Amino acid sequence: MDPSAARALALSRELREGDAPALRRRRGIVGLTLCAAGAMGLMSLYQMGVIEHVPEPGLPKVDSDRVNASAQAYEHFSTPDAVLGFGSYAATMTLAAMGGADRARTRPWIPLALAAKVGFDVVQATRLTVSEWRSFRAFCFWCLTATAATFATVPLVVPEARAAWRQLAGTGFDVAAHHPR
(Lines give C-alpha, C1' and ligand atoms only; values in the text may rest on other atoms or scores of the structure.)
Protein backbone atom coordinates (compact mmCIF):
# COMPACT_ATOMS: atom_id res chain seq x y z
CA MET A 1 0.00 0.00 0.00
CA ASP A 2 1.18 3.52 -0.84
CA PRO A 3 2.55 5.25 2.32
CA SER A 4 0.20 8.23 1.95
CA ALA A 5 -2.78 5.88 1.58
CA ALA A 6 -1.66 4.01 4.70
CA ARG A 7 -1.44 7.31 6.65
CA ALA A 8 -4.89 8.34 5.40
CA LEU A 9 -6.34 4.97 6.41
CA ALA A 10 -4.76 5.26 9.88
CA LEU A 11 -6.20 8.77 10.22
CA SER A 12 -9.61 7.47 9.16
CA ARG A 13 -9.53 4.85 11.88
CA GLU A 14 -8.18 7.26 14.51
CA LEU A 15 -10.80 9.96 13.85
CA ARG A 16 -13.66 7.46 13.83
CA GLU A 17 -12.57 5.13 16.63
CA GLY A 18 -10.01 7.00 18.73
CA ASP A 19 -10.86 7.79 22.33
CA ALA A 20 -8.32 10.52 23.13
CA PRO A 21 -9.78 13.47 25.07
CA ALA A 22 -8.71 15.86 22.27
CA LEU A 23 -10.67 13.80 19.74
CA ARG A 24 -13.75 13.71 21.97
CA ARG A 25 -13.63 17.51 22.30
CA ARG A 26 -13.12 17.92 18.55
CA ARG A 27 -16.14 15.72 17.88
CA GLY A 28 -18.11 18.02 20.16
CA ILE A 29 -16.86 21.04 18.20
CA VAL A 30 -17.91 19.43 14.92
CA GLY A 31 -21.34 18.53 16.31
CA LEU A 32 -21.99 22.01 17.72
CA THR A 33 -20.69 23.70 14.59
CA LEU A 34 -22.86 21.44 12.46
CA CYS A 35 -25.84 22.54 14.58
CA ALA A 36 -24.95 26.19 13.88
CA ALA A 37 -24.44 25.44 10.19
CA GLY A 38 -27.82 23.68 10.10
CA ALA A 39 -29.47 26.83 11.45
CA MET A 40 -27.68 28.81 8.73
CA GLY A 41 -28.89 26.28 6.15
CA LEU A 42 -32.51 26.71 7.19
CA MET A 43 -32.22 30.48 7.04
CA SER A 44 -30.47 30.22 3.67
CA LEU A 45 -33.51 28.36 2.32
CA TYR A 46 -35.69 31.29 3.38
CA GLN A 47 -33.29 33.97 2.16
CA MET A 48 -33.11 32.29 -1.25
CA GLY A 49 -36.89 31.82 -1.54
CA VAL A 50 -36.89 28.03 -1.31
CA ILE A 51 -39.24 28.25 1.68
CA GLU A 52 -41.70 31.08 2.36
CA HIS A 53 -41.40 31.21 6.15
CA VAL A 54 -38.77 30.31 8.74
CA PRO A 55 -40.40 27.92 11.21
CA GLU A 56 -39.84 28.94 14.80
CA PRO A 57 -41.47 28.66 18.22
CA GLY A 58 -43.96 31.39 18.99
CA LEU A 59 -41.81 33.25 21.49
CA PRO A 60 -42.06 36.95 22.29
CA LYS A 61 -39.44 39.18 20.65
CA VAL A 62 -38.65 36.49 18.05
CA ASP A 63 -39.24 37.28 14.37
CA SER A 64 -36.86 35.31 12.18
CA ASP A 65 -38.62 36.25 8.95
CA ARG A 66 -38.24 39.99 9.57
CA VAL A 67 -34.60 39.70 10.62
CA ASN A 68 -33.63 37.40 7.74
CA ALA A 69 -35.51 39.38 5.07
CA SER A 70 -33.94 42.71 6.05
CA ALA A 71 -31.60 44.73 3.85
CA GLN A 72 -28.96 44.20 6.54
CA ALA A 73 -29.07 40.44 5.87
CA TYR A 74 -28.10 40.95 2.21
CA GLU A 75 -25.59 43.80 2.38
CA HIS A 76 -22.27 41.90 2.43
CA PHE A 77 -21.00 40.60 -0.93
CA SER A 78 -24.54 40.88 -2.35
CA THR A 79 -25.19 37.52 -0.71
CA PRO A 80 -27.64 36.34 1.96
CA ASP A 81 -25.79 36.43 5.27
CA ALA A 82 -26.91 32.92 6.22
CA VAL A 83 -25.10 31.54 3.15
CA LEU A 84 -21.94 33.32 4.29
CA GLY A 85 -22.45 31.96 7.81
CA PHE A 86 -22.87 28.44 6.47
CA GLY A 87 -19.55 28.72 4.63
CA SER A 88 -17.86 30.14 7.70
CA TYR A 89 -19.05 27.29 9.89
CA ALA A 90 -17.87 24.80 7.24
CA ALA A 91 -14.38 26.29 7.60
CA THR A 92 -14.59 25.90 11.40
CA MET A 93 -15.61 22.25 11.04
CA THR A 94 -12.74 21.65 8.63
CA LEU A 95 -10.22 22.99 11.14
CA ALA A 96 -11.78 20.84 13.89
CA ALA A 97 -11.61 17.72 11.71
CA MET A 98 -8.07 18.25 10.42
CA GLY A 99 -5.28 15.97 11.68
CA GLY A 100 -4.90 13.26 14.26
CA ALA A 101 -5.22 13.23 18.02
CA ASP A 102 -1.64 14.46 18.53
CA ARG A 103 -1.91 17.48 16.23
CA ALA A 104 -1.19 19.93 19.09
CA ARG A 105 2.30 18.38 19.15
CA THR A 106 2.82 17.59 15.47
CA ARG A 107 0.95 20.47 13.81
CA PRO A 108 0.33 23.09 16.50
CA TRP A 109 -0.75 25.69 13.95
CA ILE A 110 -4.02 23.77 13.37
CA PRO A 111 -5.41 24.01 16.94
CA LEU A 112 -4.25 27.63 17.11
CA ALA A 113 -5.98 28.40 13.81
CA LEU A 114 -9.12 26.66 15.13
CA ALA A 115 -9.00 28.74 18.32
CA ALA A 116 -8.63 31.93 16.27
CA LYS A 117 -11.51 30.89 14.00
CA VAL A 118 -13.77 30.07 16.94
CA GLY A 119 -12.84 33.45 18.43
CA PHE A 120 -13.88 35.08 15.16
CA ASP A 121 -17.13 33.08 15.18
CA VAL A 122 -17.91 34.21 18.74
CA VAL A 123 -17.27 37.86 17.87
CA GLN A 124 -19.46 37.61 14.75
CA ALA A 125 -22.27 35.83 16.57
CA THR A 126 -22.21 38.42 19.34
CA ARG A 127 -22.11 41.31 16.88
CA LEU A 128 -25.03 39.95 14.89
CA THR A 129 -27.13 39.23 17.99
CA VAL A 130 -26.62 42.76 19.30
CA SER A 131 -27.34 44.17 15.85
CA GLU A 132 -30.60 42.21 15.59
CA TRP A 133 -31.84 43.70 18.82
CA ARG A 134 -30.70 47.24 18.02
CA SER A 135 -32.13 47.20 14.51
CA PHE A 136 -35.35 45.22 14.96
CA ARG A 137 -36.04 44.94 18.69
CA ALA A 138 -36.45 41.27 17.85
CA PHE A 139 -34.28 38.18 17.48
CA CYS A 140 -34.01 35.39 14.98
CA PHE A 141 -34.56 32.11 16.86
CA TRP A 142 -32.19 30.18 14.58
CA CYS A 143 -29.53 32.89 14.88
CA LEU A 144 -29.73 32.53 18.67
CA THR A 145 -29.43 28.76 18.26
CA ALA A 146 -26.28 29.21 16.16
CA THR A 147 -24.91 31.71 18.66
CA ALA A 148 -25.46 29.33 21.59
CA ALA A 149 -23.78 26.47 19.71
CA THR A 150 -20.88 28.76 18.82
CA PHE A 151 -20.34 29.84 22.42
CA ALA A 152 -20.51 26.20 23.55
CA THR A 153 -17.48 25.37 21.37
CA VAL A 154 -15.18 27.73 23.29
CA PRO A 155 -14.40 25.47 26.28
CA LEU A 156 -13.84 22.57 23.88
CA VAL A 157 -11.21 24.49 21.89
CA VAL A 158 -9.15 25.90 24.77
CA PRO A 159 -7.31 22.76 26.06
CA GLU A 160 -5.87 21.82 22.67
CA ALA A 161 -4.98 25.43 21.84
CA ARG A 162 -3.10 25.69 25.16
CA ALA A 163 -1.22 22.47 24.40
CA ALA A 164 -0.32 23.76 20.93
CA TRP A 165 0.86 27.07 22.40
CA ARG A 166 3.05 25.22 24.92
CA GLN A 167 4.40 22.99 22.13
CA LEU A 168 5.46 26.01 20.09
CA ALA A 169 7.02 27.64 23.15
CA GLY A 170 8.93 24.42 23.92
CA THR A 171 10.40 24.13 20.42
CA GLY A 172 12.38 27.34 20.65
CA PHE A 173 9.74 29.34 18.86
CA ASP A 174 9.02 32.51 20.82
CA VAL A 175 5.24 32.57 20.57
CA ALA A 176 4.97 36.11 21.91
CA ALA A 177 7.53 37.59 19.54
CA HIS A 178 6.76 35.29 16.57
CA HIS A 179 10.40 34.59 15.81
CA PRO A 180 12.96 31.92 16.79
CA ARG A 181 14.77 32.54 20.08
# chains A, B, ... in the order shown; residues from 1 in each chain; ligands from 1

call {"tool": "residues_around", "arguments": {"residues": "stretch 127-135 of chain A", "least_positions_apart": "2", "cutoff": "10 Å", "atoms": "only C-alpha atoms", "output": "list in words"}}
result
Lys61, Val62, Ser64, Arg66, Val67, Asn68, Ser70, Gln72, Ala73, Asp121, Val122, Val123, Gln124, Ala125, Arg137, Ala138, Phe139, Cys140, Cys143, Leu144 and Thr147 of chain A

call {"tool": "select_by_dssp", "arguments": {"residues": "chain A", "states": "helix (DSSP H, G or I)", "output": "JSON, numbers by chain"}}
result
{"A": [3, 4, 5, 6, 7, 8, 9, 10, 11, 12, 13, 14, 15, 16, 17, 21, 22, 23, 24, 25, 26, 27, 28, 29, 30, 31, 32, 33, 34, 35, 36, 37, 38, 39, 40, 41, 42, 43, 44, 45, 46, 47, 64, 65, 66, 67, 68, 71, 72, 73, 74, 81, 82, 83, 84, 85, 86, 87, 88, 89, 90, 91, 92, 93, 94, 95, 96, 97, 103, 104, 105, 106, 109, 110, 111, 112, 113, 114, 115, 116, 117, 118, 119, 120, 121, 122, 123, 124, 125, 126, 127, 128, 129, 130, 131, 132, 133, 134, 135, 136, 141, 142, 143, 144, 145, 146, 147, 148, 149, 150, 151, 152, 153, 154, 155, 156, 157, 158, 159, 160, 161, 162, 163, 164, 165, 166, 167, 168, 169, 170]}

call {"tool": "closest_residue", "arguments": {"among": "A:Ala20, A:Ala36, A:Leu84, A:Ala113", "to": "A:Met98", "atoms": "only C-alpha atoms"}}
result
A:Ala113

call {"tool": "closest_residue", "arguments": {"among": "A:Thr126, A:Thr79, A:Thr92, A:Gln47", "to": "A:Ile110", "atoms": "only C-alpha atoms"}}
result
A:Thr92

call {"tool": "closest_residue", "arguments": {"among": "A:Ala116, A:Val50, A:Val30, A:Leu15", "to": "A:Ala96", "atoms": "only C-alpha atoms"}}
result
A:Val30

call {"tool": "closest_residue", "arguments": {"among": "A:His76, A:Phe141, A:Arg26, A:Glu17", "to": "A:Val157", "atoms": "only C-alpha atoms"}}
result
A:Arg26

call {"tool": "closest_residue", "arguments": {"among": "A:Asp2, A:Glu14, A:Glu160, A:Asp19", "to": "A:Arg107", "atoms": "only C-alpha atoms"}}
result
A:Glu160

call {"tool": "closest_residue", "arguments": {"among": "A:Ala164, A:Val158, A:Met43, A:Leu11", "to": "A:Thr106", "atoms": "only C-alpha atoms"}}
result
A:Ala164

call {"tool": "residues_around", "arguments": {"residues": "A:Tyr89", "least_positions_apart": "2", "cutoff": "8 Å", "atoms": "only C-alpha atoms", "output": "list in words"}}
result
Thr33, Leu34, Ala36, Ala37, Gly85, Phe86, Gly87, Ala91, Thr92 and Met93 of chain A

call {"tool": "residues_around", "arguments": {"residues": "A:Tyr46", "least_positions_apart": "6", "cutoff": "10 Å", "atoms": "only C-alpha atoms", "output": "mmCIF file with N, CA, C and O atoms, in the first residue's frame"}}
result
data_model
loop_
_atom_site.group_PDB
_atom_site.id
_atom_site.type_symbol
_atom_site.label_atom_id
_atom_site.label_comp_id
_atom_site.auth_asym_id
_atom_site.auth_seq_id
_atom_site.Cartn_x
_atom_site.Cartn_y
_atom_site.Cartn_z
ATOM 1 N N MET A 40 -27.984 27.945 9.879
ATOM 2 C CA MET A 40 -27.676 28.808 8.726
ATOM 3 C C MET A 40 -28.294 28.234 7.445
ATOM 4 O O MET A 40 -28.777 28.974 6.591
ATOM 5 N N GLU A 52 -41.067 29.773 2.226
ATOM 6 C CA GLU A 52 -41.704 31.083 2.365
ATOM 7 C C GLU A 52 -41.671 31.634 3.781
ATOM 8 O O GLU A 52 -41.959 32.814 3.996
ATOM 9 N N HIS A 53 -41.359 30.795 4.751
ATOM 10 C CA HIS A 53 -41.400 31.210 6.150
ATOM 11 C C HIS A 53 -40.384 30.384 6.935
ATOM 12 O O HIS A 53 -40.240 29.187 6.694
ATOM 13 N N VAL A 54 -39.694 31.034 7.869
ATOM 14 C CA VAL A 54 -38.767 30.314 8.743
ATOM 15 C C VAL A 54 -39.558 29.772 9.928
ATOM 16 O O VAL A 54 -40.116 30.554 10.704
ATOM 17 N N PRO A 55 -39.668 28.465 10.069
ATOM 18 C CA PRO A 55 -40.402 27.918 11.212
ATOM 19 C C PRO A 55 -39.664 28.245 12.510
ATOM 20 O O PRO A 55 -38.431 28.215 12.554
ATOM 21 N N SER A 64 -37.920 35.723 13.096
ATOM 22 C CA SER A 64 -36.860 35.306 12.180
ATOM 23 C C SER A 64 -37.089 35.796 10.759
ATOM 24 O O SER A 64 -36.140 36.168 10.068
ATOM 25 N N ASP A 65 -38.346 35.784 10.313
ATOM 26 C CA ASP A 65 -38.622 36.251 8.954
ATOM 27 C C ASP A 65 -38.195 37.706 8.776
ATOM 28 O O ASP A 65 -37.526 38.049 7.799
ATOM 29 N N ASN A 68 -34.307 38.027 8.870
ATOM 30 C CA ASN A 68 -33.632 37.403 7.736
ATOM 31 C C ASN A 68 -34.019 37.973 6.381
ATOM 32 O O ASN A 68 -33.345 37.720 5.387
ATOM 33 N N ALA A 69 -35.107 38.741 6.320
ATOM 34 C CA ALA A 69 -35.511 39.377 5.067
ATOM 35 C C ALA A 69 -35.027 40.823 4.980
ATOM 36 O O ALA A 69 -35.236 41.484 3.965
ATOM 37 N N PRO A 80 -26.957 36.541 0.681
ATOM 38 C CA PRO A 80 -27.642 36.340 1.960
ATOM 39 C C PRO A 80 -26.638 35.990 3.063
ATOM 40 O O PRO A 80 -25.749 35.160 2.858
ATOM 41 N N ALA A 82 -26.892 34.306 5.740
ATOM 42 C CA ALA A 82 -26.906 32.922 6.218
ATOM 43 C C ALA A 82 -26.044 32.020 5.339
ATOM 44 O O ALA A 82 -25.419 31.085 5.836
#

call {"tool": "atom_distance", "arguments": {"atom1": "atom CA of A:Thr153", "atom2": "atom CA of A:Ile29"}}
result
5.4 Å
